[in-house]
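Presented below is the structure to which this report refers.
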Amino acid sequence: MPPAHPFDFDALSGDAGDDKLHEECGVFGVIGVTDAANFVALGLHALQHRGQEAGGIVSYDPGSGFNSARRFGYVRDNFTKQSLMETLPGALAIGHVRYSTAGSKGATQIRDVQPFFGEFSMGGAAIAHNGNITNADALRRELIERGSIFQSSSDSECIIHLMARSLQRKVPERIMDALRRVEGAFSVVSMTRTKLIGVRDPLGVRPLVIGRIGDDGWVLSSETCALDIIGAEYLRDVEPGEMVVIEHGELKSLRPFMPAKPRFCIFEHVYFSRPDSIIGGRSVYETRRQIGVELAREAPVEADLVCPVPDSGTPAAIGFAHESGIPYGMGIIRNQYMGRTFIEPTEQIRNMGVRLKLNVNRALIRGKRVILVDDSVVRGTTSRKIKEMILDAGAAEVHFRIASPPTAWPCFYGVDTPQREKLLAATMSEDEMRDHLAVDSLKFISLDGLYRAVGEATGRDASCPQYCDACFSGDYPVAPSDMIAKGFELKAAE
């Protein structure tokens with residue numbers, strides 16, 4: 001693998017060499033409150049980390065029917081305008097923030113932006129989906145052959161067409177029919193004229209939680225942090241394989257799928273979810289801090305300073321420093337106000353590289369043996385640039401400690417990962433990666449160590465893993481049939 005250009009930072013997008021796994025999407029829904037769309041906009045703002053490409057809201061009001069708005073860009077730049085929010089009246093609304101994981105990646109059309117809406121014989125319904133349908137290509141071909149006309153490139157649109165072809169008389173039953181045909185990962189928030197509906201796939205790969213607001217209001221959200229912003233009370237997670245239907249202030253729980261052993265995405269704990277969220281009763285922040293503790297136990301090193309790579313490496317760095325006894329310091333400072341288009345991205349500006357986003361605290365770093373704690377290494381481009389910045393600031397040594405196992409396999413369940421041959425860990429051993437990054441040492445947390453950090457005291461059960469960890473292990477809980485049809489080879493059985 002050729003070394004990365006040291007200044008391939010995209011000043012326009014804010015992505016340093018596209019060297020992070022991108023969040024899937026975020027979904028949010030509210031029923032039983034005045035001006036529900038305003039609450040949805042606030043919830044989507046709290047979920048912005050899950051998708052920054054585009055967002056959409058659909059609301060229902062008995063006087064004006066279903067209304068929708070879809071926009072590119074951040075929630076704060078669109079759904080804070082009174083003129084727009086006045087077009088979304090009603091006490092029931094759902095919303096979605098998008099980062100494209102299927103369909104037209106990098107070339108999203110407004111028609112690809114969710115929620116999707118369909119008018120059926122029994123009334124309209126809107127749907128927002130977080131995850132990825134692994135048999136979407138096969139379903140799309142079948143549906144087109146049977147006369148369906150697709151409007152978007154999104155895999156999620158298959159759900160609307162499957163609902164349209166269902167013979168069931170009510171929307172919840174049509175959703176059940178549709179989702180029984182779907183493979184992969186899905187957390188779905190849907191709405192009719194009177195109902196708010198939430199569904200998780202049988203493995204529960206993607207998160208979805210239930211909250212209460214006020215006397216009669218209910219909330220469905222990808223994460224608990226979005227409940228906090230609107231003052232809602234977290235009740236519980238939607239369970240894997242569960243459908244909840246909320247109508248007239250009451251919640252009904254259904255079980256439309258065959259039971260399965262849950263396989264929640266372990267990378268939600270490592271990176272995707274906000275640290276102030278609760279997952280399965282566990283604080284994401286505390287889990288990440290414990291990852292740092294396990295990492296310090298597994299991979300100790302003599303050094304003078306433990307430094308996080310902001311911001312996702314911070315909790316793990318705190319845990320590493322506490323366990324190792326090595327002082328913690330903010331050796332790298334993030335520019336919190338770097339706008340996406342704050343300056344014309346000329347070649348000269350692009351060549352400023354990662355320094356647009358991160359700057360080294362030279363007075364702290366100079367002469368020190370520095371442990372850099374980051375959440376992951378994907379392509380390695382960002383890691384190389386940060387290492388160079390640390391050395392330029394006068395560091396004596398640079399040691400990387402990574403708060404996840406090596407990412408060696410692509411995800412097909414709603415995370416945008418590079419092709420396998422572009423993943424550093426797919427082509428190099430840990431020692432080869434250390435030499436490629438030109439650091440004094442490089443260590444990843446083990447898979448068992450990660451499992452211990454999320455509360456599995458005995459580590460990973462190899463015969464029946466407790467989480468989906470396919471990006472680390474190559475053990476896919478649902479065969480990615482579309483990708484296999486295109487020639488993707490699964491990991492050989494050991």
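Residues are named by chain letter and number: chains run A, B, ... in the order of the structure tokens, numbers start at 1 in each chain, and ligands are numbered from 1 in the order shown.
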
Could you give me the residues within region 224-280 of chain A that DSSP places in strand (DSSP E), as a PDB file with C-alpha atoms, in the first residue's frame?
```pdb
ATOM      1  CA  GLU A 233     -37.913  10.411  29.900  1.00  0.00           C
ATOM      2  CA  TYR A 234     -36.097   7.309  28.682  1.00  0.00           C
ATOM      3  CA  LEU A 235     -38.265   4.234  29.305  1.00  0.00           C
ATOM      4  CA  ARG A 236     -36.545   1.333  27.570  1.00  0.00           C
ATOM      5  CA  ASP A 237     -35.079   0.066  24.308  1.00  0.00           C
ATOM      6  CA  MET A 243     -42.668  -3.798  16.909  1.00  0.00           C
ATOM      7  CA  VAL A 244     -44.265  -1.066  19.025  1.00  0.00           C
ATOM      8  CA  VAL A 245     -47.425   0.685  17.884  1.00  0.00           C
ATOM      9  CA  ILE A 246     -48.355   3.888  19.731  1.00  0.00           C
ATOM     10  CA  GLU A 247     -51.867   5.300  19.286  1.00  0.00           C
ATOM     11  CA  GLU A 250     -51.141   3.774  24.504  1.00  0.00           C
ATOM     12  CA  LEU A 251     -48.235   1.561  23.453  1.00  0.00           C
ATOM     13  CA  LYS A 252     -48.821  -1.933  22.079  1.00  0.00           C
ATOM     14  CA  SER A 253     -45.947  -4.403  21.717  1.00  0.00           C
ATOM     15  CA  LEU A 254     -45.932  -7.046  18.958  1.00  0.00           C
ATOM     16  CA  PHE A 264     -26.190  -5.577  18.601  1.00  0.00           C
ATOM     17  CA  CYS A 265     -23.467  -3.635  16.761  1.00  0.00           C
ATOM     18  CA  ILE A 278     -27.291   4.965  27.270  1.00  0.00           C
ATOM     19  CA  ILE A 279     -27.156   1.669  25.366  1.00  0.00           C
TER      20      ILE A 279
END
```

Residues of region 326-433 of chain A that approach region 137-156 of chain A to 12 Å or less, counting only C-alpha atoms: could you list each one with the shortest pair of atoms and its distance in Å to one decimal, rows by chain and increasing residue number, as JSON lines?
```
{"residue": "A:Phe412", "atom": "CA", "partner": "A:Asp155", "partner_atom": "CA", "distance": 11.9}
{"residue": "A:Tyr413", "atom": "CA", "partner": "A:Asp155", "partner_atom": "CA", "distance": 11.5}
{"residue": "A:Gly414", "atom": "CA", "partner": "A:Asp155", "partner_atom": "CA", "distance": 10.5}
```

Save out the residues we just selected, all heavy atoms, as an mmCIF file, in the first residue's frame.
```cif
data_model
loop_
_atom_site.group_PDB
_atom_site.id
_atom_site.type_symbol
_atom_site.label_atom_id
_atom_site.label_comp_id
_atom_site.auth_asym_id
_atom_site.auth_seq_id
_atom_site.Cartn_x
_atom_site.Cartn_y
_atom_site.Cartn_z
ATOM 1 N N PHE A 412 -21.869 -4.342 6.277
ATOM 2 C CA PHE A 412 -22.988 -4.312 5.338
ATOM 3 C C PHE A 412 -24.316 -4.052 6.039
ATOM 4 O O PHE A 412 -25.381 -4.277 5.473
ATOM 5 C CB PHE A 412 -23.066 -5.638 4.568
ATOM 6 C CG PHE A 412 -21.815 -5.957 3.806
ATOM 7 C CD1 PHE A 412 -21.057 -7.069 4.120
ATOM 8 C CD2 PHE A 412 -21.370 -5.130 2.788
ATOM 9 C CE1 PHE A 412 -19.897 -7.368 3.429
ATOM 10 C CE2 PHE A 412 -20.214 -5.412 2.086
ATOM 11 C CZ PHE A 412 -19.475 -6.540 2.408
ATOM 12 N N TYR A 413 -24.249 -3.552 7.267
ATOM 13 C CA TYR A 413 -25.468 -3.379 8.050
ATOM 14 C C TYR A 413 -25.748 -1.922 8.401
ATOM 15 O O TYR A 413 -26.357 -1.619 9.410
ATOM 16 C CB TYR A 413 -25.379 -4.209 9.334
ATOM 17 C CG TYR A 413 -25.045 -5.663 9.081
ATOM 18 C CD1 TYR A 413 -23.998 -6.272 9.757
ATOM 19 C CD2 TYR A 413 -25.766 -6.411 8.159
ATOM 20 C CE1 TYR A 413 -23.671 -7.605 9.521
ATOM 21 C CE2 TYR A 413 -25.442 -7.743 7.913
ATOM 22 C CZ TYR A 413 -24.396 -8.335 8.594
ATOM 23 O OH TYR A 413 -24.074 -9.644 8.350
ATOM 24 N N GLY A 414 -25.279 -1.014 7.563
ATOM 25 C CA GLY A 414 -25.628 0.385 7.772
ATOM 26 C C GLY A 414 -24.481 1.286 8.124
ATOM 27 O O GLY A 414 -24.679 2.391 8.603
#
```

Picked from region 219-336 of chain A by DSSP as alpha helix (DSSP H), as a PyMOL selection string: chain A and resi 225-229+267+284-298+314-324

Export, as an mmCIF file, in the first residue's frame, the selected residues with C-alpha atoms.
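Okay, result_8.cif is ready:
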```
data_model
loop_
_atom_site.group_PDB
_atom_site.id
_atom_site.type_symbol
_atom_site.label_atom_id
_atom_site.label_comp_id
_atom_site.auth_asym_id
_atom_site.auth_seq_id
_atom_site.Cartn_x
_atom_site.Cartn_y
_atom_site.Cartn_z
ATOM 1 C CA CYS A 225 -29.191 11.731 24.019
ATOM 2 C CA ALA A 226 -31.944 12.954 21.678
ATOM 3 C CA LEU A 227 -34.544 12.350 24.396
ATOM 4 C CA ASP A 228 -32.585 14.604 26.744
ATOM 5 C CA ILE A 229 -32.679 17.593 24.415
ATOM 6 C CA PHE A 267 -19.118 -0.421 17.207
ATOM 7 C CA VAL A 284 -21.540 4.806 26.429
ATOM 8 C CA TYR A 285 -19.022 7.092 28.128
ATOM 9 C CA GLU A 286 -18.327 4.570 30.895
ATOM 10 C CA THR A 287 -17.928 1.763 28.348
ATOM 11 C CA ARG A 288 -15.386 3.797 26.376
ATOM 12 C CA ARG A 289 -13.514 4.691 29.541
ATOM 13 C CA GLN A 290 -13.402 0.989 30.420
ATOM 14 C CA ILE A 291 -12.055 0.213 26.946
ATOM 15 C CA GLY A 292 -9.116 2.452 27.842
ATOM 16 C CA VAL A 293 -8.656 0.562 31.103
ATOM 17 C CA GLU A 294 -8.562 -2.790 29.295
ATOM 18 C CA LEU A 295 -6.211 -1.369 26.671
ATOM 19 C CA ALA A 296 -3.781 -0.174 29.345
ATOM 20 C CA ARG A 297 -3.791 -3.649 30.891
ATOM 21 C CA GLU A 298 -3.240 -5.388 27.571
ATOM 22 C CA THR A 314 -11.111 11.060 24.835
ATOM 23 C CA PRO A 315 -12.990 8.661 27.179
ATOM 24 C CA ALA A 316 -10.649 5.770 26.326
ATOM 25 C CA ALA A 317 -7.615 7.996 26.916
ATOM 26 C CA ILE A 318 -8.974 8.958 30.342
ATOM 27 C CA GLY A 319 -9.380 5.274 31.223
ATOM 28 C CA PHE A 320 -5.916 4.417 29.878
ATOM 29 C CA ALA A 321 -4.293 7.213 31.892
ATOM 30 C CA HIS A 322 -6.105 6.248 35.097
ATOM 31 C CA GLU A 323 -5.190 2.576 34.803
ATOM 32 C CA SER A 324 -1.576 3.165 33.742
#
```

From A:Ala36, A:Ile133, A:Ala479, A:Met176, residue lying nearest Ile57 (chain A) [only C-alpha atoms]: A:Ala36

Within 12 Å of Lys261 (chain A) using only C-alpha atoms, minus same-chain residues under 4 positions, as a list in words: Asp201, Pro202, Leu203, Gly204, Val205, Glu239, Pro240, Gly241, Cys464, Pro465, Gln466, Tyr467, Cys468 and Pro477 of chain A

Expected file contents, prior selection, N, CA, C and O atoms, as a short mmCIF file (atom, residue, chain, number, x, y, z; two decimals), in the first residue's frame:
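What ended up in again35.cif:
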```cif
data_model
loop_
_atom_site.label_atom_id
_atom_site.label_comp_id
_atom_site.auth_asym_id
_atom_site.auth_seq_id
_atom_site.Cartn_x
_atom_site.Cartn_y
_atom_site.Cartn_z
N ASP A 201 -34.94 -5.07 13.84
CA ASP A 201 -34.75 -6.39 13.24
C ASP A 201 -34.51 -7.43 14.32
O ASP A 201 -34.19 -7.09 15.47
N PRO A 202 -34.69 -8.71 14.00
CA PRO A 202 -34.60 -9.75 15.03
C PRO A 202 -33.27 -9.80 15.76
O PRO A 202 -33.21 -10.24 16.92
N LEU A 203 -32.18 -9.37 15.12
CA LEU A 203 -30.87 -9.38 15.77
C LEU A 203 -30.62 -8.09 16.55
O LEU A 203 -29.67 -8.02 17.33
N GLY A 204 -31.43 -7.08 16.33
CA GLY A 204 -31.26 -5.82 17.05
C GLY A 204 -29.94 -5.15 16.75
O GLY A 204 -29.31 -4.58 17.65
N VAL A 205 -29.50 -5.18 15.49
CA VAL A 205 -28.17 -4.67 15.14
C VAL A 205 -28.08 -3.16 15.40
O VAL A 205 -27.09 -2.66 15.92
N GLU A 239 -37.03 -3.73 21.86
CA GLU A 239 -36.25 -4.96 21.93
C GLU A 239 -36.00 -5.53 20.53
O GLU A 239 -36.77 -5.27 19.60
N PRO A 240 -34.92 -6.30 20.35
CA PRO A 240 -34.70 -6.94 19.05
C PRO A 240 -35.91 -7.77 18.63
O PRO A 240 -36.45 -8.55 19.43
N GLY A 241 -36.34 -7.58 17.39
CA GLY A 241 -37.49 -8.32 16.88
C GLY A 241 -38.82 -7.80 17.34
O GLY A 241 -39.86 -8.43 17.07
N CYS A 464 -20.93 -18.41 19.68
CA CYS A 464 -22.17 -17.64 19.50
C CYS A 464 -21.93 -16.23 20.01
O CYS A 464 -22.31 -15.89 21.13
N PRO A 465 -21.28 -15.38 19.21
CA PRO A 465 -20.89 -14.03 19.68
C PRO A 465 -22.09 -13.23 20.19
O PRO A 465 -23.19 -13.30 19.64
N GLN A 466 -21.86 -12.49 21.27
CA GLN A 466 -22.93 -11.71 21.90
C GLN A 466 -23.26 -10.44 21.13
O GLN A 466 -24.33 -9.87 21.32
N TYR A 467 -22.35 -9.98 20.27
CA TYR A 467 -22.53 -8.75 19.51
C TYR A 467 -22.24 -9.01 18.04
O TYR A 467 -21.59 -10.00 17.69
N CYS A 468 -22.67 -8.10 17.18
CA CYS A 468 -22.18 -8.09 15.81
C CYS A 468 -20.82 -7.40 15.81
O CYS A 468 -20.72 -6.21 16.14
N PRO A 477 -23.40 -11.96 10.94
CA PRO A 477 -24.58 -12.65 11.48
C PRO A 477 -25.67 -12.88 10.44
O PRO A 477 -26.48 -13.78 10.59
#
```

Who sits within 10 Å of Ile332 (chain A), only C-alpha atoms, same chain under 2 positions skipped, as number ranges by chain: A: 307-311, 329-330, 334-335, 358-362, 364-365, 372, 386, 389-390

Could you write out that same residue set with N, CA, C and O atoms as a compact mmCIF listing (two decimals), in the first residue's frame?
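Okay, selection.txt is ready:
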```txt
# COMPACT_ATOMS: atom_id res chain seq x y z
N CYS A 307 -2.52 11.04 25.53
CA CYS A 307 -3.18 12.12 24.80
C CYS A 307 -4.27 11.54 23.90
O CYS A 307 -3.99 10.65 23.09
N PRO A 308 -5.50 12.01 24.00
CA PRO A 308 -6.56 11.53 23.11
C PRO A 308 -6.48 12.18 21.74
O PRO A 308 -6.01 13.32 21.61
N VAL A 309 -6.91 11.46 20.72
CA VAL A 309 -7.18 12.08 19.43
C VAL A 309 -8.63 12.54 19.49
O VAL A 309 -9.54 11.73 19.56
N PRO A 310 -8.86 13.87 19.50
CA PRO A 310 -10.22 14.39 19.74
C PRO A 310 -11.15 14.01 18.59
O PRO A 310 -10.72 13.89 17.46
N ASP A 311 -12.48 13.89 18.92
CA ASP A 311 -12.98 13.85 20.29
C ASP A 311 -13.27 12.41 20.71
O ASP A 311 -13.44 12.12 21.90
N GLY A 329 -3.24 14.38 29.24
CA GLY A 329 -3.13 15.77 28.80
C GLY A 329 -3.75 15.98 27.44
O GLY A 329 -3.78 15.07 26.60
N MET A 330 -4.27 17.18 27.23
CA MET A 330 -4.86 17.53 25.94
C MET A 330 -3.73 18.00 25.02
O MET A 330 -3.50 19.19 24.82
N ARG A 334 -8.81 20.45 19.24
CA ARG A 334 -9.67 20.48 18.07
C ARG A 334 -10.29 21.87 17.90
O ARG A 334 -10.73 22.48 18.87
N ASN A 335 -10.31 22.36 16.66
CA ASN A 335 -11.00 23.60 16.36
C ASN A 335 -12.49 23.31 16.26
O ASN A 335 -12.96 22.73 15.29
N LEU A 358 -7.28 20.07 13.61
CA LEU A 358 -6.58 19.72 14.84
C LEU A 358 -5.27 20.50 14.92
O LEU A 358 -4.61 20.71 13.90
N ASN A 359 -4.90 20.90 16.12
CA ASN A 359 -3.63 21.57 16.33
C ASN A 359 -2.94 20.99 17.56
O ASN A 359 -3.60 20.64 18.54
N VAL A 360 -1.63 20.90 17.52
CA VAL A 360 -0.87 20.30 18.60
C VAL A 360 -0.56 21.35 19.66
O VAL A 360 -0.18 22.49 19.36
N ASN A 361 -0.72 20.95 20.91
CA ASN A 361 -0.36 21.78 22.06
C ASN A 361 1.15 21.62 22.30
O ASN A 361 1.60 20.78 23.08
N ARG A 362 1.92 22.44 21.59
CA ARG A 362 3.37 22.26 21.54
C ARG A 362 4.03 22.31 22.91
O ARG A 362 4.95 21.55 23.21
N LEU A 364 3.01 21.38 25.70
CA LEU A 364 2.78 20.15 26.47
C LEU A 364 3.52 18.96 25.86
O LEU A 364 4.00 18.08 26.57
N ILE A 365 3.61 18.93 24.54
CA ILE A 365 4.14 17.77 23.82
C ILE A 365 5.66 17.73 23.79
O ILE A 365 6.28 16.66 23.86
N LEU A 372 -0.79 8.21 22.02
CA LEU A 372 -1.99 8.73 21.36
C LEU A 372 -3.07 7.66 21.38
O LEU A 372 -2.84 6.54 20.91
N ILE A 386 -1.42 12.83 11.95
CA ILE A 386 -1.38 13.24 13.36
C ILE A 386 -0.02 12.90 13.96
O ILE A 386 0.57 13.69 14.72
N MET A 389 2.41 15.51 12.94
CA MET A 389 2.20 16.75 13.68
C MET A 389 2.81 16.66 15.08
O MET A 389 3.44 17.62 15.56
N ILE A 390 2.65 15.52 15.73
CA ILE A 390 3.18 15.33 17.07
C ILE A 390 4.72 15.37 17.06
O ILE A 390 5.36 16.01 17.91
```

CA of Glu489 (chain A) to CA of Ser429 (chain A), straight-line distance in Å: 19.9 Å

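For region 366-369 of chain A, the non-local neighbours within 10 Å, defined as residues at least 2 positions apart in the same chain or in other chains and counting only C-alpha atoms, are Val301, Glu302, Ala303, Asp304, Leu305, Val306, Gly331, Val360, Asn361, Arg362, Ala363, Leu364, Ile371, Leu372, Ile390, Leu391, Asp392, Ala393, Gly394, Ala395, Ala396, Glu397, Val398, His399 and Asp440 of chain A.
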
Residue neighbourhood Ile402 (chain A), 9 Å, only C-alpha atoms, exclusion window fewer than 4 positions, as a PyMOL selection string: chain A and resi 292+295+313+316+372-377+406+442-445

Output of the above residues as a tab-separated table (two decimals), in the first residue's frame, restricted to all heavy atoms:
```
chain	number	residue	atom	x	y	z
A	292	GLY	N	-10.45	1.94	27.57
A	292	GLY	CA	-9.12	2.45	27.84
A	292	GLY	C	-8.43	1.71	28.97
A	292	GLY	O	-7.21	1.45	28.92
A	295	LEU	N	-7.32	-1.59	27.60
A	295	LEU	CA	-6.21	-1.37	26.67
A	295	LEU	C	-4.90	-1.15	27.43
A	295	LEU	O	-3.84	-1.65	27.04
A	295	LEU	CB	-6.54	-0.17	25.78
A	295	LEU	CG	-5.64	0.13	24.57
A	295	LEU	CD1	-5.46	-1.09	23.69
A	295	LEU	CD2	-6.23	1.29	23.78
A	313	GLY	N	-11.56	9.75	20.88
A	313	GLY	CA	-10.62	8.99	21.68
A	313	GLY	C	-10.54	9.42	23.13
A	313	GLY	O	-9.83	8.79	23.93
A	316	ALA	N	-11.60	6.88	26.23
A	316	ALA	CA	-10.65	5.77	26.33
A	316	ALA	C	-9.30	6.26	26.84
A	316	ALA	O	-8.63	5.56	27.61
A	316	ALA	CB	-10.49	5.09	24.96
A	372	LEU	N	-0.79	8.21	22.02
A	372	LEU	CA	-1.99	8.73	21.36
A	372	LEU	C	-3.07	7.66	21.38
A	372	LEU	O	-2.84	6.54	20.91
A	372	LEU	CB	-1.68	9.12	19.91
A	372	LEU	CG	-0.76	10.32	19.69
A	372	LEU	CD1	-0.48	10.51	18.20
A	372	LEU	CD2	-1.38	11.58	20.26
A	373	VAL	N	-4.22	7.98	21.93
A	373	VAL	CA	-5.34	7.04	22.01
A	373	VAL	C	-6.41	7.47	21.01
A	373	VAL	O	-6.94	8.57	21.10
A	373	VAL	CB	-5.93	6.97	23.43
A	373	VAL	CG1	-7.08	5.97	23.47
A	373	VAL	CG2	-4.85	6.58	24.43
A	374	ASP	N	-6.70	6.60	20.06
A	374	ASP	CA	-7.73	6.87	19.05
A	374	ASP	C	-8.73	5.73	19.05
A	374	ASP	O	-8.48	4.66	19.60
A	374	ASP	CB	-7.09	7.03	17.67
A	374	ASP	CG	-7.94	7.86	16.71
A	374	ASP	OD1	-9.07	8.24	17.09
A	374	ASP	OD2	-7.48	8.12	15.58
A	375	ASP	N	-9.89	5.97	18.41
A	375	ASP	CA	-10.96	4.97	18.45
A	375	ASP	C	-10.74	3.86	17.42
A	375	ASP	O	-11.18	2.73	17.62
A	375	ASP	CB	-12.33	5.63	18.21
A	375	ASP	CG	-12.38	6.37	16.89
A	375	ASP	OD1	-12.62	5.74	15.86
A	375	ASP	OD2	-12.16	7.60	16.90
A	376	SER	N	-10.10	4.16	16.30
A	376	SER	CA	-9.95	3.16	15.24
A	376	SER	C	-8.88	3.60	14.26
A	376	SER	O	-8.49	4.77	14.22
A	376	SER	CB	-11.28	2.95	14.50
A	376	SER	OG	-11.70	4.16	13.88
A	377	VAL	N	-8.41	2.65	13.46
A	377	VAL	CA	-7.58	2.94	12.30
A	377	VAL	C	-8.26	2.26	11.11
A	377	VAL	O	-8.47	1.05	11.12
A	377	VAL	CB	-6.15	2.40	12.47
A	377	VAL	CG1	-5.37	2.55	11.17
A	377	VAL	CG2	-5.43	3.13	13.60
A	406	PRO	N	-8.45	-4.30	15.17
A	406	PRO	CA	-8.21	-3.89	13.79
A	406	PRO	C	-9.46	-4.06	12.91
A	406	PRO	O	-10.09	-5.13	12.93
A	406	PRO	CB	-7.08	-4.82	13.32
A	406	PRO	CG	-6.39	-5.23	14.58
A	406	PRO	CD	-7.47	-5.31	15.62
A	442	LEU	N	2.48	0.32	18.17
A	442	LEU	CA	1.05	0.35	17.81
A	442	LEU	C	0.40	-0.89	18.38
A	442	LEU	O	0.85	-2.02	18.14
A	442	LEU	CB	0.88	0.36	16.29
A	442	LEU	CG	-0.54	0.12	15.75
A	442	LEU	CD1	-1.45	1.32	16.07
A	442	LEU	CD2	-0.53	-0.13	14.24
A	443	LYS	N	-0.65	-0.69	19.18
A	443	LYS	CA	-1.38	-1.82	19.75
A	443	LYS	C	-2.88	-1.52	19.71
A	443	LYS	O	-3.32	-0.41	20.02
A	443	LYS	CB	-0.97	-2.08	21.21
A	443	LYS	CG	0.48	-2.55	21.36
A	443	LYS	CD	0.69	-3.94	20.76
A	443	LYS	CE	2.14	-4.40	20.96
A	443	LYS	NZ	2.36	-5.73	20.36
A	444	PHE	N	-3.64	-2.55	19.36
A	444	PHE	CA	-5.10	-2.49	19.36
A	444	PHE	C	-5.63	-3.27	20.55
A	444	PHE	O	-5.01	-4.26	20.98
A	444	PHE	CB	-5.68	-3.12	18.09
A	444	PHE	CG	-5.33	-2.42	16.81
A	444	PHE	CD1	-4.09	-2.59	16.20
A	444	PHE	CD2	-6.24	-1.58	16.18
A	444	PHE	CE1	-3.76	-1.96	15.02
A	444	PHE	CE2	-5.94	-0.94	14.99
A	444	PHE	CZ	-4.70	-1.12	14.41
A	445	ILE	N	-6.78	-2.88	21.06
A	445	ILE	CA	-7.42	-3.71	22.06
A	445	ILE	C	-7.83	-5.03	21.42
A	445	ILE	O	-8.19	-5.08	20.23
A	445	ILE	CB	-8.64	-3.00	22.70
A	445	ILE	CG1	-9.10	-3.75	23.96
A	445	ILE	CG2	-9.78	-2.85	21.70
A	445	ILE	CD1	-10.14	-3.01	24.77
```

Residues near Ser473 (chain A), cut-off 8 Å, only C-alpha atoms, skip fewer than 2 positions along chain, as a PyMOL selection string: chain A and resi 408-409+469-471+475
